[in-house]
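Undergrad: I have a structure I would like to understand better, so I am pasting it below and will then ask my questions one at a time.
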Amino acid sequence: MAKRIDVDQLNIYYKDFLAVEDVSMNIEARSVTAFIGPSGCGKSTLLRSLNRMHEVIPGARVEGKVVIDGQDLYAPNVDPVGVRRSVGMVFQKPNPFPTMSIRENVAAGLKLNGTKLRKATIDELVERSLVGANLWNEVKDRLDKPGAGLSGGQQQRLCIARAIAVQPDVLLMDEPCSALDPISTLAVEELISELRQNYTIVIVTHNMQQAARVSDRCAFFNIAGTGKPGKLIEMGPTQKIFSTPSVKATEDYISGRFG
Amino acid sequence: MSVDVGLPPAPPPAPPKAQKAVVRPGDRIFFGASVGAGITILIVLAGVALFLFIEAWPAITADSSELPNQESLVKYIAPLAFGTVLGATIAVIIAAPMAIAIALYITHYAPPRLAGVLGLAIDLLAAVPSIVYGLWGIFVLAPHSVALSRWLEGNLGFLPFFDGPPSATGRTMLVVGIVLAVMILPVITAVSREVFKQTPQLHQEAALALGATRWEMIRMTVLPFGRSGVISGAMLGLGRALGETMAVAIVLSTADVVSFDLISSQNSGTIAANIALDFPESSGVKVNALIASGLVLFAITLAVNMVARAIINRRREFSGAN
């Protein structure tokens with residue numbers, strides 16, 4: 001569990017359009033790394049390339065290396081299905097499977113790829129994941145009700161439970177709180193702080209306070225203009241980025257002077 | 001929110017009257033038109049039912065000697081109703097899985113250009129008149145089915161469906177089922193394709209991000225999401241197969257039997273085909289008997305649709321349509 005990620009000279013394309021140019025970075029294990037930057041600067045694109053979800057979009061491709069635990073995710077013999085199993089993802093909008101109950105939602109990933117588990121094992125993993133996502137007490141009496149019947153914040157925590165049920169090495173979060181109210185946001189942020197003990201977490205956020213609250217390290221991305229590729233401007237400990245950034249653009253963005 | 005947009009400030013009303021909402025002509029016209037259309041459907045349906053019932057009544061009350069089979073109305077209609085349901089059921093059993101597979105291929109596997117061509121080809125199938133399918137059935141499919149029927153009898157003869165003896169002409173219930181399957185394939189495919197296409201990207205990505213293969217993603221998200229749509233499509237197809245007249249009338253060689261044997265020359269007729277074949281030579285109570293069989297077909301179709309609705313509604317809260 002919890003592995004470090006090394007990104008080396010990564011270029012990300014949509015067909016011929018270069019969306020993210022020449023990103024190299026190291027993401028530490030058992031820490032929270034935040035990606036910040038203005039809209040369209042390629043944060044989400046980079047995030048999605050860390051578990052090969054980027055290539056789900058027709059025409060999307062990647063050049064360069066993403067190495068997790070010594071294994072390049074884009075090596076020719078690597079199966080994207082396996083990558084996504086060990087690198088979980090939580091999306092911007094809560095997306096529990098509408099046709100499944102709460103229990104089935106959490107167990108969804110456990111039954112994939114021909115895995116056969118005993119019912120007792122599954123029930124135990126479901127409970128552990130829901131407890132891990134701080135949702136157990138709210139749903140333990142209605143595990144067979146539809147997941148879509150929960151509130152937005154509960155749905156998002158259900159999605160986190162679903163993602164951690166398969167015990168991934170890394171958890172990617174793409175603006176996980178942007179569709180939630182402040183109270184649910186707080187619940188998810190507290191959860192992120194707890195999950196840091198066991199997982200490598202990468203989070204994309206537009207909320208500066210959130211980046212400052214939850215992350216250990218912070219990466220700032222920017223674009224020179226529309227149609228230009230996004231680039232990594234600087235990366236460092238969150239405290240340093242927010243107090244004494246080394247690049248002017250970072251300071252401007254964080255203090256709200258643009259973006 | 002207040003609704004008094006665009007009204008001049010009214011003088012203070014003396015008695016507090018019930019406040020009237022603003023009525024706009026556009027709303028009114030559209031309201032009238034949609035209510036009218038809804039009521040028209042009910043009137044037409046009621047009219048058809050009433051006509052069938054009134055015209056069927058003389059046959060229901062008639063003396064047995066006047067009836068086509070000189071016995072009883074139930075004994076006359078039962079084999080026909082059985083044949084109708086049997087043929088249509090075979091058609092749906094063959095067509096539905098194929099339609100689902102085609103729809104999945106078009107929406108999730110085929111390259112975009114091929115998908116477009118394939119969709120067009122399927123839609124064209126729907127535009128072929130049923131008599132053409134009938135002719136194809138009797139001239140092409142029936143002769144070729146004889147070998148298949150013999151094989152089925154030889155190898156699966158222990159099943160009541162393939163008991164034999166196989167028909168030498170191939171004008172069997174099996175061939176009717178296949179012809180009907182081809183006829184209803186387009187409608188089931190079209191409906192399934194539409195619902196599969198509408199599966200939210202969000203849910204498909206959720207499945208993929210969990211480490212699902214493409215087939216697992218389809219099983220977890222696309223199929224459950226499209227379930228009610230596929231059932232509706234299958235029921236539309238079943239409705240068409242139940243009522244299909246020409247193709248069945250041309251192909252099927254009938255006898256007054258109730259038999260599950262799909263490959264013999266002794267098949268139950270179907271209601272619609274029987275009406276088409278016998279109507280020109282009928283008079284008096286015999287016409288009423290034919291209409292009574294039509295009333296039964298009407299009832300069967302209604303029952304099929306109600307069952308389909310019930311199936312769709314059963315897991316409504318899990319439907320994903322919220």
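Labeling convention for the structure tokens: chains A, B, ... as they appear, residues from 1 per chain, ligands from 1 in order of appearance.
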Which residues are close to range 234-251 of chain B, i.e. within 8 Å by only C-alpha atoms, leaving aside same-chain residues fewer than 2 positions away? Reply as a PyMOL selection string.

TA: chain B and resi 84-85+87-89+91-92+96+130-135+137-138+142+171-172+175-176+179-181+183-185+187-188+230-232+253+270-274+276-277+297+301+304-305+308

Undergrad: Output as CSV one row per residue of chain A within 6 Å of chain B: the closest atom pair and its distance in Å to one decimal place, counting only C-alpha atoms, sorted by chain and residue number ascending.

TA:
residue,atom,partner,partner_atom,distance
A:Val81,CA,B:Gly211,CA,4.8
A:Arg84,CA,B:Gly211,CA,4.7
A:Arg85,CA,B:Gly211,CA,4.3
A:Met89,CA,B:Ala209,CA,6.0
A:Pro98,CA,B:Gly320,CA,4.7
A:Thr99,CA,B:Phe318,CA,4.4
A:Gly109,CA,B:Leu210,CA,5.6

Undergrad: For the selection you just gave me, I'd like the residues written to a file as a tab-separated table (two decimals), in the first residue's frame, keeping C-alpha atoms.

TA:
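Below you can see result_28.tsv, which holds the result:
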chain	number	residue	atom	x	y	z
A	81	VAL	CA	-7.23	-2.31	-16.18
A	84	ARG	CA	-6.76	1.51	-12.49
A	85	ARG	CA	-7.20	-1.21	-9.92
A	89	MET	CA	-10.11	7.68	-8.49
A	98	PRO	CA	-27.64	4.36	-9.69
A	99	THR	CA	-28.79	0.80	-10.28
A	109	GLY	CA	-14.84	-3.17	-7.39

Undergrad: What are the DSSP helix (DSSP H, G or I) residues of range 143-217 of chain A, as number ranges by chain?

TA: A: 147-149, 152-165, 182-195, 208-214

Undergrad: Excluding Leu135 in chain A and its own-chain neighbours fewer than 2 positions away, which residues fall within 12 Å of it when counting only C-alpha atoms? Please give them as a VMD selection string.

TA: chain A and resid 102 to 103 106 126 to 133 137 to 143 150 to 151 153 to 162 184 187 to 188 191

Undergrad: To one decimal place, how far is CA of Gly284 in chain B from CA of Trp57 in chain B in Å?

TA: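 Computed distance, CA of Gly284 in chain B to CA of Trp57 in chain B, equals 12.3 Å.
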
Undergrad: Which one is closest to Ile233 in chain A: A:Gln210, A:Asn26, A:Thr250, A:Thr121? Count only C-alpha atoms.

TA: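 Of A:Gln210, A:Asn26, A:Thr250, A:Thr121, the one nearest Ile233 in chain A is A:Thr250, counting only C-alpha atoms.
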
Undergrad: Using only C-alpha atoms, which residues sit within 9 Å of Pro143 in chain B once same-chain residues fewer than 2 positions away are excluded, as a PyMOL selection string?

TA: chain B and resi 137-141+145-147+168-171
